[in-house]
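S.K.: Supplied structure: upload37.tsv, TSV, C-alpha atoms and all ligand atoms.
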chain	number	residue	atom	x	y	z
A	1	MET	CA	-16.11	-1.60	36.96
A	2	GLN	CA	-12.62	-1.75	38.21
A	3	ALA	CA	-9.70	-0.15	36.48
A	4	ASN	CA	-6.55	-2.14	36.16
A	5	CYS	CA	-3.76	0.11	34.98
A	6	ASP	CA	-1.31	-0.20	37.81
A	7	ARG	CA	1.26	-2.21	35.88
A	8	PRO	CA	4.46	-0.30	36.54
A	9	GLU	CA	6.29	-0.96	33.31
A	10	VAL	CA	4.74	-1.61	29.97
A	11	PRO	CA	7.63	-2.68	27.78
A	12	ARG	CA	8.43	-0.34	24.95
A	13	LEU	CA	9.29	-1.42	21.46
A	14	PRO	CA	12.53	-0.05	20.04
A	15	VAL	CA	12.32	3.17	18.08
A	16	ALA	CA	13.25	2.98	14.41
A	17	GLY	CA	16.78	4.27	13.96
A	18	HIS	CA	17.39	4.47	17.69
A	19	PRO	CA	17.91	0.91	18.88
A	20	GLY	CA	17.55	0.69	22.61
A	21	VAL	CA	16.50	4.29	23.03
A	22	ASN	CA	12.92	4.60	24.19
A	23	THR	CA	11.94	8.10	23.28
A	24	VAL	CA	8.46	7.28	22.08
A	25	PRO	CA	5.92	7.27	24.87
A	26	ARG	CA	3.68	4.66	23.27
A	27	PRO	CA	4.29	1.04	22.38
A	28	ILE	CA	2.85	1.20	18.85
A	29	GLU	CA	4.96	0.43	15.80
A	30	ALA	CA	4.71	-0.68	12.20
A	31	LEU	CA	6.98	-3.30	10.69
A	32	VAL	CA	7.82	-3.60	7.02
A	33	HIS	CA	8.69	-7.15	6.01
A	34	HIS	CA	11.59	-7.16	3.57
A	35	ALA	CA	11.39	-10.84	2.65
A	36	ALA	CA	7.64	-10.62	1.97
A	37	LEU	CA	8.14	-7.72	-0.43
A	38	THR	CA	10.78	-9.68	-2.32
A	39	HIS	CA	8.53	-12.73	-2.37
A	40	ASN	CA	5.56	-10.75	-3.70
A	41	LEU	CA	7.67	-9.19	-6.42
A	42	ALA	CA	8.67	-12.69	-7.49
A	43	ARG	CA	4.98	-13.64	-7.55
A	44	ALA	CA	4.19	-10.71	-9.85
A	45	ARG	CA	7.05	-11.78	-12.11
A	46	ALA	CA	5.83	-15.35	-12.19
A	47	ALA	CA	2.34	-14.15	-13.15
A	48	ALA	CA	3.75	-12.17	-16.08
A	49	PRO	CA	6.94	-14.04	-17.04
A	50	ASP	CA	7.31	-12.34	-20.43
A	51	ALA	CA	6.74	-8.80	-19.24
A	52	ARG	CA	8.81	-6.35	-17.28
A	53	VAL	CA	7.44	-5.32	-13.91
A	54	TRP	CA	6.85	-1.80	-12.72
A	55	ALA	CA	6.85	-1.77	-8.94
A	56	VAL	CA	4.22	0.85	-8.16
A	57	VAL	CA	5.46	2.87	-5.19
A	58	LYS	CA	3.07	5.81	-5.26
A	59	ALA	CA	1.71	7.19	-1.99
A	60	ASN	CA	5.07	6.57	-0.34
A	61	ALA	CA	5.00	2.90	-1.36
A	62	TYR	CA	1.39	2.43	-0.22
A	63	GLY	CA	2.31	3.80	3.18
A	64	HIS	CA	5.34	1.54	3.70
A	65	GLY	CA	7.92	4.25	2.98
A	66	ILE	CA	9.83	4.29	-0.32
A	67	GLU	CA	13.15	4.08	1.48
A	68	HIS	CA	11.88	1.05	3.43
A	69	VAL	CA	10.73	-0.93	0.41
A	70	PHE	CA	13.44	0.04	-2.05
A	71	PRO	CA	16.08	-2.50	-0.96
A	72	ALA	CA	13.51	-5.31	-1.28
A	73	LEU	CA	12.06	-4.16	-4.59
A	74	ARG	CA	15.17	-3.05	-6.40
A	75	GLY	CA	14.92	-6.19	-8.52
A	76	ALA	CA	11.94	-4.61	-10.30
A	77	ASP	CA	12.44	-3.32	-13.84
A	78	GLY	CA	11.23	0.12	-12.91
A	79	PHE	CA	9.34	2.16	-10.34
A	80	ALA	CA	6.04	3.85	-11.04
A	81	LEU	CA	4.69	6.71	-8.95
A	82	LEU	CA	3.17	10.10	-9.45
A	83	ASP	CA	4.83	12.52	-7.07
A	84	LEU	CA	7.95	14.22	-8.38
A	85	ALA	CA	9.41	14.48	-4.90
A	86	GLU	CA	9.11	10.69	-4.59
A	87	ALA	CA	10.87	10.30	-7.94
A	88	GLN	CA	13.69	12.46	-6.60
A	89	ARG	CA	13.93	10.26	-3.51
A	90	LEU	CA	14.37	7.21	-5.73
A	91	ARG	CA	17.13	8.88	-7.70
A	92	ALA	CA	18.70	9.94	-4.40
A	93	MET	CA	18.86	6.23	-3.48
A	94	ASP	CA	20.85	5.81	-6.66
A	95	TRP	CA	18.14	4.12	-8.68
A	96	ARG	CA	19.23	4.68	-12.27
A	97	GLY	CA	16.62	2.50	-13.95
A	98	PRO	CA	13.24	3.55	-15.30
A	99	ILE	CA	10.88	5.72	-13.27
A	100	LEU	CA	7.40	6.35	-14.64
A	101	LEU	CA	5.18	9.25	-13.58
A	102	LEU	CA	1.73	7.68	-13.72
A	103	GLU	CA	-0.11	10.99	-14.06
A	104	GLY	CA	2.60	12.70	-16.07
A	105	ALA	CA	3.45	16.37	-15.74
A	106	PHE	CA	1.11	18.50	-13.66
A	107	GLU	CA	2.51	21.71	-15.11
A	108	PRO	CA	4.99	22.62	-17.86
A	109	ARG	CA	7.99	23.08	-15.57
A	110	ASP	CA	7.70	19.45	-14.41
A	111	LEU	CA	9.13	18.50	-17.79
A	112	GLU	CA	12.44	20.08	-16.80
A	113	LEU	CA	12.70	17.69	-13.90
A	114	CYS	CA	11.77	14.83	-16.21
A	115	SER	CA	14.64	15.82	-18.50
A	116	ARG	CA	17.07	16.25	-15.63
A	117	LEU	CA	16.20	13.02	-13.79
A	118	GLY	CA	15.42	10.98	-16.89
A	119	LEU	CA	11.84	10.32	-15.84
A	120	TRP	CA	9.41	8.67	-18.19
A	121	HIS	CA	5.95	10.13	-18.00
A	122	VAL	CA	2.36	9.45	-18.88
A	123	VAL	CA	0.64	11.69	-21.40
A	124	HIS	CA	-3.09	11.62	-20.83
A	125	CYS	CA	-4.39	14.94	-22.22
A	126	GLU	CA	-3.82	17.49	-24.99
A	127	ALA	CA	-2.36	20.08	-22.64
A	128	GLN	CA	0.52	17.73	-21.79
A	129	ILE	CA	1.30	17.41	-25.50
A	130	ASP	CA	1.23	21.22	-25.84
A	131	TRP	CA	3.71	21.53	-22.97
A	132	LEU	CA	6.00	18.96	-24.57
A	133	ALA	CA	5.86	20.77	-27.90
A	134	ARG	CA	7.11	23.94	-26.16
A	135	HIS	CA	9.62	22.18	-23.92
A	136	LYS	CA	13.26	22.92	-24.66
A	137	THR	CA	15.40	19.90	-23.97
A	138	GLN	CA	18.46	18.09	-25.26
A	139	GLN	CA	17.06	14.90	-23.83
A	140	ALA	CA	14.23	13.33	-25.86
A	141	HIS	CA	11.49	11.98	-23.62
A	142	ARG	CA	10.01	8.52	-23.27
A	143	VAL	CA	6.27	8.83	-22.77
A	144	PHE	CA	3.42	6.44	-22.04
A	145	LEU	CA	0.36	7.54	-23.97
A	146	LYS	CA	-2.69	6.69	-21.93
A	147	MET	CA	-6.00	5.50	-23.26
A	148	ASN	CA	-9.23	5.96	-21.36
A	149	SER	CA	-10.71	2.49	-21.71
A	150	GLY	CA	-13.78	3.13	-19.58
A	151	MET	CA	-12.52	4.35	-16.20
A	152	ASN	CA	-13.18	7.93	-17.34
A	153	ARG	CA	-10.48	9.31	-15.13
A	154	LEU	CA	-7.44	10.02	-17.30
A	155	GLY	CA	-6.57	9.34	-20.92
A	156	PHE	CA	-7.59	9.81	-24.51
A	157	THR	CA	-10.70	8.07	-25.76
A	158	PRO	CA	-10.10	5.26	-28.24
A	159	ALA	CA	-11.36	7.59	-30.98
A	160	ALA	CA	-8.85	10.35	-30.08
A	161	PHE	CA	-5.93	8.05	-29.32
A	162	ARG	CA	-4.45	7.76	-32.81
A	163	THR	CA	-4.41	11.54	-33.36
A	164	ALA	CA	-2.66	12.05	-30.03
A	165	TRP	CA	-0.12	9.38	-30.95
A	166	ALA	CA	0.57	11.07	-34.32
A	167	ARG	CA	0.97	14.47	-32.66
A	168	LEU	CA	3.51	13.08	-30.21
A	169	ASP	CA	5.29	11.10	-32.90
A	170	ALA	CA	5.92	14.30	-34.84
A	171	LEU	CA	7.61	16.07	-31.90
A	172	PRO	CA	11.41	16.20	-31.72
A	173	GLN	CA	11.05	16.23	-27.93
A	174	ILE	CA	9.77	12.64	-28.03
A	175	ASP	CA	12.03	9.64	-28.16
A	176	GLU	CA	9.68	6.71	-27.74
A	177	ILE	CA	5.94	6.33	-27.26
A	178	SER	CA	4.53	3.45	-25.25
A	179	LEU	CA	0.85	2.63	-25.09
A	180	MET	CA	-1.04	2.11	-21.88
A	181	THR	CA	-4.43	1.88	-20.27
A	182	HIS	CA	-5.74	1.23	-16.77
A	183	PHE	CA	-8.68	-1.11	-16.15
A	184	ALA	CA	-11.65	-0.06	-14.04
A	185	ASP	CA	-12.84	-3.61	-13.34
A	186	ALA	CA	-9.90	-6.00	-13.47
A	187	ASP	CA	-10.85	-7.45	-10.09
A	188	VAL	CA	-13.93	-9.32	-11.36
A	189	ASP	CA	-14.13	-12.12	-13.90
A	190	GLY	CA	-14.44	-10.74	-17.41
A	191	GLY	CA	-14.54	-7.19	-16.02
A	192	ALA	CA	-11.72	-5.93	-18.21
A	193	SER	CA	-12.56	-7.69	-21.47
A	194	ALA	CA	-14.40	-4.79	-23.13
A	195	ALA	CA	-11.65	-2.35	-22.08
A	196	GLN	CA	-8.97	-4.68	-23.38
A	197	ALA	CA	-10.79	-5.11	-26.69
A	198	ALA	CA	-11.12	-1.34	-27.07
A	199	PHE	CA	-7.42	-0.89	-26.36
A	200	ASP	CA	-6.37	-3.64	-28.78
A	201	GLU	CA	-8.59	-2.29	-31.50
A	202	ALA	CA	-7.43	1.32	-31.21
A	203	THR	CA	-3.73	0.46	-30.94
A	204	ARG	CA	-3.57	-2.43	-33.39
A	205	ASP	CA	-1.19	-0.88	-35.91
A	206	LEU	CA	0.54	1.58	-33.60
A	207	VAL	CA	4.18	1.02	-32.80
A	208	GLY	CA	5.17	1.00	-29.13
A	209	GLU	CA	5.48	-1.07	-26.01
A	210	ARG	CA	2.27	-1.92	-24.19
A	211	SER	CA	1.26	-1.75	-20.53
A	212	LEU	CA	-2.23	-2.70	-19.40
A	213	ALA	CA	-2.32	-4.74	-16.22
A	214	ASN	CA	-2.41	-3.62	-12.61
A	215	SER	CA	-2.14	-6.20	-9.80
A	216	ALA	CA	-5.63	-7.62	-10.23
A	217	ALA	CA	-5.18	-8.05	-13.97
A	218	THR	CA	-1.65	-9.40	-13.60
A	219	LEU	CA	-2.67	-12.05	-11.08
A	220	ARG	CA	-5.68	-13.00	-13.19
A	221	GLY	CA	-3.67	-13.03	-16.41
A	222	VAL	CA	-5.73	-10.29	-18.06
A	223	GLY	CA	-3.93	-7.91	-20.41
A	224	VAL	CA	-0.66	-9.72	-19.76
A	225	ALA	CA	-0.10	-11.76	-22.92
A	226	GLY	CA	1.66	-9.71	-25.57
A	227	SER	CA	2.19	-6.85	-23.17
A	228	ASP	CA	5.63	-5.47	-22.33
A	229	TRP	CA	5.07	-4.08	-18.86
A	230	VAL	CA	2.75	-4.90	-15.98
A	231	ARG	CA	2.16	-2.45	-13.15
A	232	ALA	CA	2.07	-4.22	-9.82
A	233	GLY	CA	1.03	-2.23	-6.79
A	234	ILE	CA	-1.13	-3.81	-4.12
A	235	ALA	CA	0.08	-7.34	-4.85
A	236	LEU	CA	3.59	-6.29	-3.82
A	237	TYR	CA	2.20	-5.11	-0.50
A	238	GLY	CA	0.46	-8.37	0.36
A	239	SER	CA	-3.17	-7.40	0.02
A	240	ALA	CA	-5.53	-9.18	-2.37
A	241	PRO	CA	-6.82	-6.86	-5.11
A	242	ASP	CA	-10.03	-8.87	-5.36
A	243	PHE	CA	-10.75	-9.60	-1.70
A	244	PRO	CA	-13.03	-11.21	-0.57
A	245	ALA	CA	-13.34	-13.27	-3.77
A	246	HIS	CA	-9.73	-14.29	-3.12
A	247	ASP	CA	-7.38	-13.77	-0.22
A	248	ILE	CA	-3.60	-13.40	-0.27
A	249	ALA	CA	-3.16	-17.09	0.49
A	250	HIS	CA	-4.98	-17.86	-2.76
A	251	TRP	CA	-2.58	-15.63	-4.67
A	252	GLN	CA	0.39	-16.88	-2.63
A	253	LEU	CA	1.26	-13.40	-1.46
A	254	GLN	CA	2.73	-12.55	1.92
A	255	PRO	CA	1.80	-9.66	4.23
A	256	THR	CA	4.37	-6.87	4.06
A	257	MET	CA	3.18	-4.67	6.89
A	258	THR	CA	2.43	-5.36	10.54
A	259	LEU	CA	0.81	-2.80	12.78
A	260	ARG	CA	1.16	-3.73	16.42
A	261	THR	CA	0.96	-2.26	19.87
A	262	ARG	CA	0.32	-3.37	23.44
A	263	LEU	CA	-2.44	-3.30	25.99
A	264	ILE	CA	-1.97	-0.44	28.42
A	265	ALA	CA	-4.92	-1.25	30.70
A	266	THR	CA	-7.76	-3.68	31.29
A	267	GLN	CA	-11.30	-3.19	32.53
A	268	GLU	CA	-13.76	-5.56	34.20
A	269	LEU	CA	-17.26	-4.89	32.91
A	270	GLN	CA	-20.49	-5.70	34.69
A	271	PRO	CA	-23.61	-6.47	32.64
A	272	GLY	CA	-25.00	-3.23	31.21
A	273	ALA	CA	-21.65	-1.43	31.26
A	274	THR	CA	-20.72	0.32	28.02
A	275	VAL	CA	-17.43	0.96	26.26
A	276	GLY	CA	-16.05	4.09	24.65
A	277	TYR	CA	-17.55	7.24	23.11
A	278	GLY	CA	-21.21	7.02	22.33
A	279	SER	CA	-21.48	3.91	24.51
A	280	SER	CA	-22.04	1.93	21.34
A	281	PHE	CA	-21.06	-1.38	22.95
A	282	ARG	CA	-22.90	-2.73	25.98
A	283	ALA	CA	-21.78	-5.78	27.93
A	284	GLU	CA	-24.48	-8.40	28.28
A	285	ARG	CA	-22.62	-10.37	30.89
A	286	PRO	CA	-19.52	-9.85	33.02
A	287	MET	CA	-16.55	-9.52	30.74
A	288	ARG	CA	-12.99	-8.28	30.61
A	289	ILE	CA	-11.65	-5.94	27.97
A	290	GLY	CA	-8.19	-4.61	27.18
A	291	ILE	CA	-7.28	-1.08	26.10
A	292	ALA	CA	-4.77	-1.01	23.24
A	293	ALA	CA	-2.52	1.94	22.47
A	294	CYS	CA	-3.75	2.48	18.92
A	295	GLY	CA	-6.43	4.78	17.61
A	296	TYR	CA	-7.54	6.63	14.52
A	297	ALA	CA	-4.72	9.15	14.91
A	298	ASP	CA	-2.39	6.21	14.21
A	299	GLY	CA	-4.30	5.42	11.03
A	300	TYR	CA	-6.50	2.68	12.43
A	301	PRO	CA	-9.92	3.09	10.80
A	302	ARG	CA	-12.50	4.73	13.03
A	303	HIS	CA	-15.21	3.05	10.98
A	304	ALA	CA	-14.09	-0.35	12.24
A	305	GLY	CA	-16.98	-1.18	14.53
A	306	THR	CA	-17.40	-3.77	17.27
A	307	GLY	CA	-16.34	-7.15	15.95
A	308	THR	CA	-13.35	-6.08	13.90
A	309	PRO	CA	-10.75	-8.86	14.15
A	310	VAL	CA	-7.63	-8.25	16.25
A	311	LEU	CA	-4.96	-10.51	17.76
A	312	VAL	CA	-4.07	-10.51	21.46
A	313	ASP	CA	-0.81	-12.36	22.02
A	314	GLY	CA	-1.50	-14.06	18.72
A	315	GLN	CA	-5.05	-15.14	19.64
A	316	ARG	CA	-7.84	-13.85	17.47
A	317	THR	CA	-10.52	-11.80	19.19
A	318	ARG	CA	-12.55	-8.69	18.37
A	319	THR	CA	-12.63	-4.98	19.03
A	320	VAL	CA	-15.48	-3.58	21.11
A	321	GLY	CA	-16.95	-0.09	21.00
A	322	ARG	CA	-15.81	2.95	19.05
A	323	VAL	CA	-12.21	3.53	18.09
A	324	SER	CA	-10.87	6.63	19.88
A	325	MET	CA	-8.10	8.93	18.72
A	326	ASP	CA	-5.37	7.08	20.62
A	327	MET	CA	-6.97	3.89	21.96
A	328	LEU	CA	-9.29	1.07	21.13
A	329	ALA	CA	-10.82	-1.70	23.23
A	330	VAL	CA	-10.52	-5.43	22.65
A	331	ASP	CA	-12.57	-8.31	24.01
A	332	LEU	CA	-10.49	-10.48	26.37
A	333	ASP	CA	-13.13	-13.17	26.73
A	334	GLY	CA	-11.41	-16.54	26.72
A	335	LEU	CA	-7.99	-14.90	27.10
A	336	PRO	CA	-7.35	-15.10	30.87
A	337	LEU	CA	-3.61	-14.67	30.46
A	338	ALA	CA	-3.90	-11.42	28.54
A	339	GLY	CA	-3.35	-8.14	30.35
A	340	ALA	CA	-1.43	-4.90	30.31
A	341	GLY	CA	1.64	-5.48	28.19
A	342	SER	CA	0.01	-8.09	25.98
A	343	GLU	CA	0.97	-7.76	22.34
A	344	ILE	CA	-1.81	-6.53	20.07
A	345	THR	CA	-1.62	-7.18	16.36
A	346	LEU	CA	-3.87	-4.78	14.48
A	347	TRP	CA	-2.90	-6.45	11.20
A	348	GLY	CA	-0.04	-8.43	9.75
A	349	GLU	CA	2.16	-10.94	11.56
A	350	GLY	CA	1.51	-11.72	15.19
A	351	PRO	CA	3.62	-13.70	17.64
A	352	HIS	CA	4.06	-17.48	17.30
A	353	GLY	CA	3.36	-17.50	13.56
A	354	SER	CA	-0.10	-15.99	13.91
A	355	GLN	CA	-1.45	-13.75	11.15
A	356	LEU	CA	-4.23	-11.25	10.74
A	357	PRO	CA	-4.80	-10.27	7.10
A	358	ILE	CA	-5.09	-6.52	6.57
A	359	ASP	CA	-7.90	-7.32	4.15
A	360	ALA	CA	-10.03	-8.81	6.94
A	361	VAL	CA	-9.64	-5.66	9.01
A	362	ALA	CA	-10.35	-3.47	5.99
A	363	ARG	CA	-13.51	-5.38	5.23
A	364	ALA	CA	-14.78	-4.93	8.78
A	365	ALA	CA	-14.18	-1.19	8.35
A	366	GLY	CA	-15.97	-1.06	5.01
A	367	THR	CA	-12.80	-0.32	3.06
A	368	ILE	CA	-9.89	-2.02	1.30
A	369	GLY	CA	-6.37	-2.95	2.35
A	370	TYR	CA	-4.96	-0.15	0.19
A	371	GLU	CA	-6.59	2.53	2.33
A	372	LEU	CA	-5.42	1.09	5.63
A	373	MET	CA	-1.78	0.76	4.64
A	374	CYS	CA	-1.71	4.22	3.08
A	375	ALA	CA	-3.23	5.74	6.20
A	376	VAL	CA	-0.67	4.64	8.82
A	377	ALA	CA	0.13	7.93	10.50
A	378	PRO	CA	3.56	9.55	10.56
A	379	ARG	CA	3.57	9.34	14.37
A	380	VAL	CA	3.79	5.54	14.17
A	381	PRO	CA	7.46	4.52	14.12
A	382	MET	CA	8.17	2.19	11.25
A	383	ARG	CA	11.08	-0.14	10.71
A	384	VAL	CA	12.13	-2.83	8.28
A	385	VAL	CA	12.57	-6.40	9.46
A	386	ALA	CA	14.41	-8.92	7.33
A	387	ALA	CA	12.71	-12.12	8.39
A	388	PRO	CA	9.59	-13.08	10.39
A	389	ASP	CA	11.53	-14.22	13.46
A	390	GLU	CA	13.03	-10.76	13.91
A	391	THR	CA	9.59	-9.43	14.67
A	392	ALA	CA	9.66	-11.43	17.89
A	393	ALA	CA	12.94	-9.92	19.07
A	394	THR	CA	11.26	-7.60	21.54
A	395	ASP	CA	9.00	-10.24	23.04
A	396	VAL	CA	11.56	-11.80	25.32
A	397	ASP	CA	11.50	-9.14	28.00
A	398	ARG	CA	7.75	-8.87	28.13
A	399	PRO	CA	6.59	-9.69	31.62
A	400	ALA	CA	3.84	-12.21	32.17
A	401	ARG	CA	0.47	-10.86	33.08
A	402	HIS	CA	0.02	-9.94	36.71
A	403	GLY	CA	-2.96	-11.06	38.78
B	1	LIG	C1	-2.00	2.58	-8.74
B	1	LIG	C2	-1.88	2.18	-10.15
B	1	LIG	C3	-1.48	0.88	-10.46
B	1	LIG	C4	-1.31	-0.20	-9.43
B	1	LIG	O1	-2.59	-0.67	-9.05
B	1	LIG	P1	-2.71	-1.90	-8.02
B	1	LIG	O2	-4.16	-2.19	-8.00
B	1	LIG	O3	-2.23	-1.40	-6.71
B	1	LIG	O4	-1.87	-2.97	-8.56
B	1	LIG	C5	-1.29	0.57	-11.79
B	1	LIG	N1	-1.47	1.50	-12.75
B	1	LIG	C6	-1.86	2.76	-12.48
B	1	LIG	C7	-2.06	3.72	-13.59
B	1	LIG	C8	-2.09	3.13	-11.17
B	1	LIG	O5	-2.46	4.38	-10.91
Please go through the file and, once you have read it, give me the structure as structure tokens.

M.R.:
Amino acid sequence: MQANCDRPEVPRLPVAGHPGVNTVPRPIEALVHHAALTHNLARARAAAPDARVWAVVKANAYGHGIEHVFPALRGADGFALLDLAEAQRLRAMDWRGPILLLEGAFEPRDLELCSRLGLWHVVHCEAQIDWLARHKTQQAHRVFLKMNSGMNRLGFTPAAFRTAWARLDALPQIDEISLMTHFADADVDGGASAAQAAFDEATRDLVGERSLANSAATLRGVGVAGSDWVRAGIALYGSAPDFPAHDIAHWQLQPTMTLRTRLIATQELQPGATVGYGSSFRAERPMRIGIAACGYADGYPRHAGTGTPVLVDGQRTRTVGRVSMDMLAVDLDGLPLAGAGSEITLWGEGPHGSQLPIDAVARAAGTIGYELMCAVAPRVPMRVVAAPDETAATDVDRPARHG
């Protein structure tokens, strides 16, 4: 085995907010694709043309950064999230439209912030109604009364829903009551029909706007007709809610996040040589591997075993061995031109129009696209790019592979 790490300069990618200043010692970065976000929002709108669209931006916009996605998603009718600090960040960006707290108040004093910032909030339990009844405010609140339609997470049962509605309706603190539920199984055919029937039955003669559909339901047209608001999350971020039944190409969505890095070394393996902790991968014949500057401390899933798809200079290959904290290994078989400095696409858009769906990586790691995008670590610099060609801007000065 012969180490090959003598390349003098591995090109560094620009640091977000510091163009041209290379203060980060590693070449990893995440890109947020502005145009793809806008495109995906338009897709959600097209799927629910008669409804208004909540852009769900919880979990810091599914890991993309609320500030990063806001300019692309400001055409939404409102933003839905659950962290009050994130709601404050939206108001700080001068968003004056609707903001919905999907889990409502966590404690009574949260209602003061709702009054002050004009936040709409979910009411899912009796305690939240008690807090509202005691809340002193000039500003009457808009609430979304949540029904538990089978998820058994939050919400009033269909049997208790009407009483909760009447209690709220009698409070001077309440301006308007909307009706909502969240499906447990909208990602499979017919999965939400019983929940939808329960919701329709229990709310039939109740006044109020309706909101049922998440991304899966919106794309599949479930709980959309006759509803006033859809709640699009994952679809905006270019991951298919029902992968692998459908991929984002099927839903005409575009990837909104790229995670990329570079190779920092290569290794020549003899038959029998192993790779990484636990020696879980063993070479059966002579082979060459590359070491990429990305590991689980960057948010790459450690459970992604040998065979997880990865792009090297836009060519699809596989990871080999266990993912380390800061590095992972890729198979360079059939890629003789690849070497230290080669661009590695962990997911998203690669060079020369190549793509690696985040859903394919998630599947190999036994998880879903949601988890991967939410897990990108704070140490990974992230920046917004307006159009796909801008992602290539740093490729020009990349040296060719040495011998
Ligand atoms: C997260 C969430 C959504 C969005 O779900 P996606 O599957 O990402 O579209 C919608 N509604 C509620 C209540 C949520 O918590």

S.K.: Neighbours of ligand LIG 1 (chain B) within 9 Å, counting all atoms listed in the file, as a VMD selection string?

M.R.: chain A and resid 54 to 59 62 80 to 82 102 to 103 122 146 180 to 183 186 to 187 211 to 218 230 to 237 241 370

S.K.: Can you tell me how far CA of Phe243 in chain A sits from CA of Asp359 in chain A, in Å to one decimal?

M.R.: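 Answer for the CA of Phe243 in chain A to CA of Asp359 in chain A separation: 6.9 Å.
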
S.K.: Report as AutoDock Vina command-line options the centre and the edge lengths, in Å to one decimal, of the axis-aligned box holding every listed atom of range 34-43 of chain A, padded by 4 Å on each side.

M.R.:
--center_x 8.3 --center_y -10.4 --center_z -2.0 --size_x 14.6 --size_y 14.5 --size_z 19.1

S.K.: Report, in Å to a single decimal, how far apart CA of Arg142 in chain A and CA of Glu107 in chain A are.

M.R.: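 Interatomic distance, CA of Glu107 in chain A to CA of Arg142 in chain A: 17.2 Å.
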
S.K.: With distances taken over all atoms listed in the file, which of A:Ala304, A:Ser178, A:Ser342, A:Asp247 is nearest to Ser324 in chain A?

M.R.: A:Ala304

S.K.: Kindly give the distance, in Å, that separates CA of Pro158 in chain A and CA of Ala198 in chain A, rounded to a single decimal.

M.R.: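 So the answer is 6.8 Å.
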
S.K.: Identify which of the residues A:Gly118, A:Pro71, A:Gly238, A:Gly104 lies closest to Gln254 in chain A, counting only C-alpha atoms when measuring atom-to-atom distances.

M.R.: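 Checking each candidate against Gln254 in chain A, we get A:Gly238 as the closest.
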
S.K.: Would you kindly return, as an NGL selection string, each protein, DNA or RNA residue with an atom no farther than 10 Å from any atom of range 372-381 of chain A, considering only C-alpha atoms and excluding same-chain residues fewer than 2 positions away?

M.R.: :A and (13-17 or 24 or 26-31 or 58-65 or 234 or 237 or 239 or 256-260 or 294 or 296-301 or 347 or 358-359 or 361-362 or 365 or 367-370 or 383)

S.K.: Which residue gives the smallest distance to Thr261 in chain A among A:Leu84, A:Leu346, A:Leu206, A:Leu219, with all atoms listed in the file counted?

M.R.: A:Leu346

S.K.: Set the distance at 7 Å and use only C-alpha atoms: which residues neighbour Val323 in chain A once local chain neighbours fewer than 5 positions away are removed? I'd like the list as a list of chain:residue names.

M.R.: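 In the requested form, the answer reads A:Gly295, A:Tyr296, A:Arg302, A:Leu328.
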
S.K.: Choose the residue, out of A:Ala195, A:Glu176, A:Gln252, A:Met382, that has the smallest atom-to-atom separation from Met151 in chain A; count all atoms listed in the file.

M.R.: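 Nearest to Met151 in chain A: A:Ala195.
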
S.K.: Tell me which of A:Glu112, A:Glu209, A:Asp326, A:Asp333 sits closest to Glu268 in chain A, counting only C-alpha atoms.

M.R.: A:Asp333

S.K.: Using all atoms listed in the file, which of A:Arg74, A:Gly221, A:His303, A:Gly339 sits nearest Thr266 in chain A?

M.R.: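 Checking each candidate against Thr266 in chain A, we get A:Gly339 as the closest.
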